[in-house]
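Peer 1: Sending over a structure as structure tokens; questions will come in a sec.
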Amino acid sequence: MMQNVHLAPEADEDDLYSGYNDYNPTFDTEDLENDVAFQQAARTSHGRRVPVTAKIPGTPASRSLATGFGSKATLTSSMGRPMTGAIQDGVARPMTAVQAAGYTKAAMRGSLFDPLGQGRGPAPPLEMKNSDSTEEKIRQLEKKVNELVEESCIANSCGDLKLALEKAKEAGRKERVLVRQREQTATPENFNSDLTYSVLFNLASQYAANEMYAEALNIYQVIVKDKIFSNGGRLKVNMGNIYLKQRNYSKAIKFYRMALDQVSSAHKEMRIKIMQNIGVAFIKTGQYIDAISSFEHIMSTSPNLKAGFNLILCYFAIGNGEQMKKAFQKLIAVPLEVDYDDKYISPNDDPHTNLLIEAIKNDSLRQIEHERKSMAEEYIMTAAKLIAPAIETSFAVGYDWCVEAVKVSQYVELANDLEINKATMYLRQQEFNQALETLKMFEKKDSRVKSAAATNLSFLYYLENELAQAANYADLAVNSDRYNPAALTNKGNTLFASGDYEKTAEFYKEALRNDSLCTEALYNLGLTYKKLNRIDEALDCFLKLHAILRNSAQVLYQIANLYEMMGDPNQAIEWLLQLISVVPTDPHVLAKLGKLYDNEGDKSQAFHYYSESYRYFPSNIEVIEWLGAYYIDTQFCEKAIEYFERAALILPTQVKWQLMVASCYRRSGNYQKALEKYKVIHRKFPENVECLRFLARLCTDIGLKEGQEYETKLKKVEKLKEIKEQRIKSGRDGSARSRREGSAGPDAFYIDPLGPQAERPKTAARKRAEEDDFADEQLGEDLLPE
């Protein structure tokens, strides 16, 4: 073993790296072309002779090594390497294998040296797979089942629930075929339980997504009861969810608890979610005490916002004020787990850092943080509004407690919002002075809060029609935060009320530049352009708003009204029809449609919409008058009576509707009813000339003696009417003459013996009655020509 160890000479003791460049010349392959012995061995059989055996240890005598040339000396290679198996320095070297280098028995029989096996020719072709074999068919069927399950899941994610269910059913059918084929091959060890589980689970999920709950429950029962599926018990959560959707809360709680027993304590998050579902189910059944125990356990082990809010709801339901306070403190103590905004502020002018901050400022993770923060704020604000009136003697004191609790939490920014919300609660309770006092407290706060409070104050004063105060607080809000669209909108509203429409439009435009989705500013801008008679620009505003608010009734009506103003009734009708689809019971819109169709000459459509308007609101005089006139035009006077009687009930002091009822009786040939109606009208309005005229004519035509009496009354009433007219005319002439003369002489006024205080109201009443009579006569002449 020590024969190959070389000790460095003493002269070279200082050279630590001596000997590293020395190597055995056997490994020198660069000079092989010039090595005569090697070339001779390669060309002849010199290198393929039978190897000579060395001395075997333990034999009685050693035999000399012999070569093919008869030499008895120790053989060495051309490079000075001892020959394999030779004895060197009295020690036999072990034999080594040379087959891996290409030296085989065939080479010893005179074949060429071929270490790479190139002389054996090309490799035989690969064996073709037998597609008819049972194993291959099973493998292909498994692949097809997996593909169908994947397609079902993809269809579900795309919203095509029907296609997802069809794919899941097809996967189930093919999986059953696969199981039968495996049973026929008698290889139960090849049963793929994971594939069966995935197929059944997907099928149950698709049934549940399509609201086929009975089928889904059946599939889940198959999975849960099969002992092959070790984790099938967890699917009882899904079964509980289905029972919860079916409002079978007792079974939902039962399955949730069974699922909770199946989940180990290592899966902490899943256990928390199941317990949360149990608490929600208890709330649905009104078992608030049991729900409280579930939510209290969650808040003590792994608190979250939903559990904290539900806990507050439960304590509110049972009316426990002290526990509401504790639950609220637990809610605001829930860690938010979001980064603060300081992270997204560049600390220096490093361009690389700035680019990185810009990249992550609005990425998906940042959006998730924003959603989580807004959800937390919504929970806290809602909880505060809910418990504030219940935890103290008044809601104001309760709000103050909530504000103080929030100020010492991580949600300190919500304290000001709660104060503003407190003012809103005052408004809902119509305590305007308290609301104003609360909002005025923010005048010395920071700009954001000051702007919000001033905006609300401006809105309050605007509603109370105190435009000066509204304008002052609107200016304060704008100066505090020029980028607040609500403040700019309120400022525009104050200018709109004062009639400065040009300046109003500028503020609305600025609000839209700050927030393009400020629908209030866009709507008000359209109204402003409408006031300025810039119809095209107003229409453009409302069309943009329609793209944002697709089902806004106000926007649809404004567009229809603008088209009507532009003289395009067809477009106006189209937009009103869209409006009817949103508010199908609005009587005014229906009446508007009827009027447009009437103007276009389409009486049938006009009648349809007027009838619908009357059905929803039978007190619109214009609709009643049109329907009555329509039935008279179509010679259905009996139908018109119904509408005119309705008008007479609505306006009992106007005689024309009762005259129209009597006229309809007369035109339909029912003279007796007409005569009775005229008599009733005469008793109520004894000085009505039109009624007396028709009474006299009807009595004469029928042959009644009362006709002469009514003729006499008619002449008296007509004579009194002439006297009144002369009296009114003389009074007007005297007034005009006195104005011309500039003095009030004794003949300037007519002095009634009863005195001016008794005469004036009576004359005014009679004057109104005469004007009504004149209108009635004109209407009677139009509808009832003689």
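All residue names refer to the structure tokens as shown: chains lettered A, B, ... in order, residues numbered from 1 in each chain, ligands numbered from 1 in order.
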So that I can see what lies close to Ile274 in chain A, please list as a JSON list (two decimals) with N, CA, C and O atoms, in the first residue's frame the residues with an atom at most 7 Å from it, counting only C-alpha atoms and leaving out residues fewer than 3 positions away in the same chain.

Peer 2:
```json
[["chain", "number", "residue", "atom", "x", "y", "z"],
["A", 256, "TYR", "N", -73.16, 20.81, 11.16],
["A", 256, "TYR", "CA", -71.98, 21.61, 11.48],
["A", 256, "TYR", "C", -71.23, 21.01, 12.68],
["A", 256, "TYR", "O", -70.00, 20.95, 12.69],
["A", 260, "LEU", "N", -67.54, 19.51, 12.85],
["A", 260, "LEU", "CA", -66.56, 20.03, 13.81],
["A", 260, "LEU", "C", -65.86, 18.88, 14.53],
["A", 260, "LEU", "O", -64.66, 18.96, 14.83],
["A", 270, "MET", "N", -60.18, 26.30, 10.02],
["A", 270, "MET", "CA", -61.41, 25.66, 9.57],
["A", 270, "MET", "C", -62.39, 25.47, 10.72],
["A", 270, "MET", "O", -63.61, 25.63, 10.55],
["A", 271, "ARG", "N", -61.90, 25.11, 11.89],
["A", 271, "ARG", "CA", -62.77, 24.96, 13.04],
["A", 271, "ARG", "C", -63.43, 26.29, 13.42],
["A", 271, "ARG", "O", -64.61, 26.32, 13.78],
["A", 277, "ASN", "N", -70.31, 29.48, 11.50],
["A", 277, "ASN", "CA", -71.55, 29.06, 10.86],
["A", 277, "ASN", "C", -72.57, 28.58, 11.89],
["A", 277, "ASN", "O", -73.77, 28.82, 11.75],
["A", 278, "ILE", "N", -72.10, 27.89, 12.90],
["A", 278, "ILE", "CA", -73.00, 27.44, 13.96],
["A", 278, "ILE", "C", -73.64, 28.65, 14.66],
["A", 278, "ILE", "O", -74.85, 28.67, 14.93]]
```

Peer 1: Quick one: DSSP helix (DSSP H, G or I) residues in range 166-405 of chain A, as a PyMOL selection string?

Peer 2: chain A and resi 166-185+188-190+193-209+213-225+232-245+249-262+268-285+288-301+305-318+321-332+341-344+351-361+364-391+395-405

Peer 1: Give me the residues within 12 Å of Lys326 in chain A as an NGL selection string, counting only C-alpha atoms and dropping any in the same chain fewer than 2 places off.

Peer 2: :A and (296 or 299 or 308-309 or 311-312 or 315-316 or 320-324 or 328-333 or 387 or 391 or 401-402 or 405)

Peer 1: Find the residues near Leu545 in chain A: any atom within 8 Å, counting only C-alpha atoms, skip ones fewer than 6 places away on the same chain, and give them as a list of chain:residue names.

Peer 2: A:Thr519, A:Leu522, A:Tyr523, A:Val555

Peer 1: Generate the output file for the selected residues, N, CA and C atoms, as an mmCIF file, in the first residue's frame.

Peer 2:
```
data_model
loop_
_atom_site.group_PDB
_atom_site.id
_atom_site.type_symbol
_atom_site.label_atom_id
_atom_site.label_comp_id
_atom_site.auth_asym_id
_atom_site.auth_seq_id
_atom_site.Cartn_x
_atom_site.Cartn_y
_atom_site.Cartn_z
ATOM 1 N N THR A 519 -72.205 61.522 -9.580
ATOM 2 C CA THR A 519 -73.457 61.542 -10.342
ATOM 3 C C THR A 519 -74.309 62.766 -10.012
ATOM 4 N N LEU A 522 -73.063 65.621 -12.167
ATOM 5 C CA LEU A 522 -73.402 65.411 -13.578
ATOM 6 C C LEU A 522 -74.892 65.656 -13.819
ATOM 7 N N TYR A 523 -75.747 65.195 -12.913
ATOM 8 C CA TYR A 523 -77.193 65.414 -13.060
ATOM 9 C C TYR A 523 -77.516 66.912 -12.980
ATOM 10 N N VAL A 555 -83.224 60.072 -14.534
ATOM 11 C CA VAL A 555 -82.399 60.285 -15.728
ATOM 12 C C VAL A 555 -83.196 59.953 -16.994
#
```

Peer 1: Could you work out how far CA of Ala396 in chain A lies from CA of Met425 in chain A, giving the answer in Å with one decimal?

Peer 2: 9.0 Å

Peer 1: CA of Ile242 in chain A and CA of Ala209 in chain A, how far apart in Å?

Peer 2: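 It comes out at 10.1 Å.
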
Peer 1: What's the 8 Å shell around range 284-288 of chain A, counting only C-alpha atoms, without same-chain residues fewer than 2 positions away, as an mmCIF file with all heavy atoms, in the first residue's frame?

Peer 2:
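Resulting contents of around-v5.cif:
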```
data_model
loop_
_atom_site.group_PDB
_atom_site.id
_atom_site.type_symbol
_atom_site.label_atom_id
_atom_site.label_comp_id
_atom_site.auth_asym_id
_atom_site.auth_seq_id
_atom_site.Cartn_x
_atom_site.Cartn_y
_atom_site.Cartn_z
ATOM 1 N N TYR A 249 -82.665 25.058 9.955
ATOM 2 C CA TYR A 249 -81.558 25.460 10.801
ATOM 3 C C TYR A 249 -81.157 24.382 11.808
ATOM 4 O O TYR A 249 -79.979 24.266 12.141
ATOM 5 C CB TYR A 249 -81.919 26.759 11.520
ATOM 6 C CG TYR A 249 -82.263 27.874 10.583
ATOM 7 C CD1 TYR A 249 -83.504 28.494 10.612
ATOM 8 C CD2 TYR A 249 -81.343 28.318 9.637
ATOM 9 C CE1 TYR A 249 -83.828 29.524 9.734
ATOM 10 C CE2 TYR A 249 -81.647 29.346 8.749
ATOM 11 C CZ TYR A 249 -82.898 29.940 8.806
ATOM 12 O OH TYR A 249 -83.204 30.938 7.936
ATOM 13 N N VAL A 280 -74.150 31.647 13.396
ATOM 14 C CA VAL A 280 -75.114 32.278 12.488
ATOM 15 C C VAL A 280 -76.418 31.486 12.459
ATOM 16 O O VAL A 280 -77.521 32.052 12.455
ATOM 17 C CB VAL A 280 -74.511 32.387 11.073
ATOM 18 C CG1 VAL A 280 -75.557 32.831 10.065
ATOM 19 C CG2 VAL A 280 -73.340 33.364 11.072
ATOM 20 N N ALA A 281 -76.317 30.150 12.445
ATOM 21 C CA ALA A 281 -77.524 29.318 12.458
ATOM 22 C C ALA A 281 -78.314 29.528 13.745
ATOM 23 O O ALA A 281 -79.558 29.575 13.733
ATOM 24 C CB ALA A 281 -77.145 27.845 12.286
ATOM 25 N N PHE A 282 -77.630 29.678 14.860
ATOM 26 C CA PHE A 282 -78.330 29.949 16.121
ATOM 27 C C PHE A 282 -79.041 31.302 16.077
ATOM 28 O O PHE A 282 -80.150 31.457 16.610
ATOM 29 C CB PHE A 282 -77.349 29.902 17.293
ATOM 30 C CG PHE A 282 -77.093 28.514 17.822
ATOM 31 C CD1 PHE A 282 -75.798 28.045 17.976
ATOM 32 C CD2 PHE A 282 -78.143 27.688 18.153
ATOM 33 C CE1 PHE A 282 -75.557 26.766 18.459
ATOM 34 C CE2 PHE A 282 -77.909 26.404 18.647
ATOM 35 C CZ PHE A 282 -76.617 25.947 18.793
ATOM 36 N N ASP A 290 -76.979 30.652 22.824
ATOM 37 C CA ASP A 290 -76.075 29.675 22.214
ATOM 38 C C ASP A 290 -75.169 30.333 21.186
ATOM 39 O O ASP A 290 -73.986 29.978 21.066
ATOM 40 C CB ASP A 290 -76.895 28.558 21.552
ATOM 41 C CG ASP A 290 -77.686 27.754 22.575
ATOM 42 O OD1 ASP A 290 -77.196 27.623 23.705
ATOM 43 O OD2 ASP A 290 -78.780 27.279 22.227
ATOM 44 N N ALA A 291 -75.718 31.279 20.428
ATOM 45 C CA ALA A 291 -74.895 31.994 19.454
ATOM 46 C C ALA A 291 -73.797 32.785 20.149
ATOM 47 O O ALA A 291 -72.651 32.844 19.686
ATOM 48 C CB ALA A 291 -75.769 32.915 18.612
ATOM 49 N N ILE A 292 -74.137 33.396 21.281
ATOM 50 C CA ILE A 292 -73.142 34.169 22.031
ATOM 51 C C ILE A 292 -71.991 33.280 22.478
ATOM 52 O O ILE A 292 -70.815 33.678 22.402
ATOM 53 C CB ILE A 292 -73.813 34.862 23.233
ATOM 54 C CG1 ILE A 292 -74.667 36.042 22.752
ATOM 55 C CG2 ILE A 292 -72.781 35.340 24.243
ATOM 56 C CD1 ILE A 292 -75.532 36.648 23.829
ATOM 57 N N CYS A 314 -75.974 39.937 18.825
ATOM 58 C CA CYS A 314 -76.616 39.029 19.781
ATOM 59 C C CYS A 314 -76.878 39.731 21.108
ATOM 60 O O CYS A 314 -77.974 39.608 21.691
ATOM 61 C CB CYS A 314 -75.751 37.788 19.985
ATOM 62 S SG CYS A 314 -75.629 36.718 18.534
ATOM 63 N N TYR A 315 -75.894 40.475 21.605
ATOM 64 C CA TYR A 315 -76.107 41.185 22.865
ATOM 65 C C TYR A 315 -77.163 42.287 22.708
ATOM 66 O O TYR A 315 -77.922 42.573 23.640
ATOM 67 C CB TYR A 315 -74.792 41.785 23.365
ATOM 68 C CG TYR A 315 -73.882 40.763 24.028
ATOM 69 C CD1 TYR A 315 -72.577 40.577 23.608
ATOM 70 C CD2 TYR A 315 -74.348 39.993 25.089
ATOM 71 C CE1 TYR A 315 -71.743 39.647 24.214
ATOM 72 C CE2 TYR A 315 -73.529 39.062 25.709
ATOM 73 C CZ TYR A 315 -72.229 38.891 25.260
ATOM 74 O OH TYR A 315 -71.420 37.966 25.862
ATOM 75 N N ALA A 317 -79.715 42.018 20.736
ATOM 76 C CA ALA A 317 -81.001 41.326 20.677
ATOM 77 C C ALA A 317 -81.529 40.996 22.069
ATOM 78 O O ALA A 317 -82.740 41.047 22.304
ATOM 79 C CB ALA A 317 -80.872 40.057 19.842
ATOM 80 N N ILE A 318 -80.629 40.680 22.996
ATOM 81 C CA ILE A 318 -81.094 40.348 24.349
ATOM 82 C C ILE A 318 -81.096 41.571 25.259
ATOM 83 O O ILE A 318 -81.521 41.489 26.415
ATOM 84 C CB ILE A 318 -80.234 39.232 24.977
ATOM 85 C CG1 ILE A 318 -78.778 39.690 25.162
ATOM 86 C CG2 ILE A 318 -80.296 37.971 24.139
ATOM 87 C CD1 ILE A 318 -77.900 38.662 25.871
#
```

Peer 1: Looking at A:Gln708, A:Asn524, A:Gln658, A:Gln554, which one is nearest to Cys541 in chain A, with distances taken over only C-alpha atoms?

Peer 2: A:Asn524

Peer 1: Would you work out the distance separating CA of Ala477 in chain A from CA of Lys450 in chain A, expressed in Å to one decimal?

Peer 2: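 Between CA of Ala477 in chain A and CA of Lys450 in chain A the gap works out to 6.9 Å.
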
Peer 1: Using only C-alpha atoms, which residues sit within 9 Å of Ala674 in chain A once same-chain residues fewer than 2 positions away are excluded, as a VMD selection string?

Peer 2: chain A and resid 661 to 667 669 to 672 676 to 679 698

Peer 1: Near Ile624 in chain A, counting only C-alpha atoms, which residues have an atom at most 10 Å away, once you skip same-chain residues fewer than 6 positions from it, shown as a ChimeraX atom specification?

Peer 2: /A:610-611,613-614,618,630,640,642-647

Peer 1: Could the residues in this selection be written to a file with C-alpha atoms, as a JSON list (two decimals), in the first residue's frame?

Peer 2:
```json
[["chain", "number", "residue", "atom", "x", "y", "z"],
["A", 610, "TYR", "CA", -104.49, 57.04, -20.08],
["A", 611, "SER", "CA", -106.52, 54.08, -18.80],
["A", 613, "SER", "CA", -102.73, 56.05, -15.49],
["A", 614, "TYR", "CA", -106.34, 56.27, -14.27],
["A", 618, "PRO", "CA", -107.94, 57.86, -10.37],
["A", 630, "TYR", "CA", -112.82, 59.90, -25.63],
["A", 640, "ALA", "CA", -118.17, 58.58, -19.89],
["A", 642, "GLU", "CA", -118.29, 57.03, -14.68],
["A", 643, "TYR", "CA", -115.36, 59.40, -15.26],
["A", 644, "PHE", "CA", -117.37, 62.63, -14.96],
["A", 645, "GLU", "CA", -118.95, 61.41, -11.73],
["A", 646, "ARG", "CA", -115.44, 60.77, -10.41],
["A", 647, "ALA", "CA", -114.47, 64.34, -11.37]]
```

Peer 1: For a quick check of understanding, using only C-alpha atoms, which of A:Leu659, A:Leu141, A:Cys699, A:Val583 has the smallest distance to Phe685 in chain A?

Peer 2: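 With only C-alpha atoms as the atom set, the closest residue is A:Leu659.
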
Peer 1: When distances are computed from only C-alpha atoms, which of A:Phe496, A:Glu183, A:Thr489, A:Ile283 shows the smallest separation from Lys530 in chain A?

Peer 2: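 Answer, going by the shortest atom-to-atom distance: A:Phe496.
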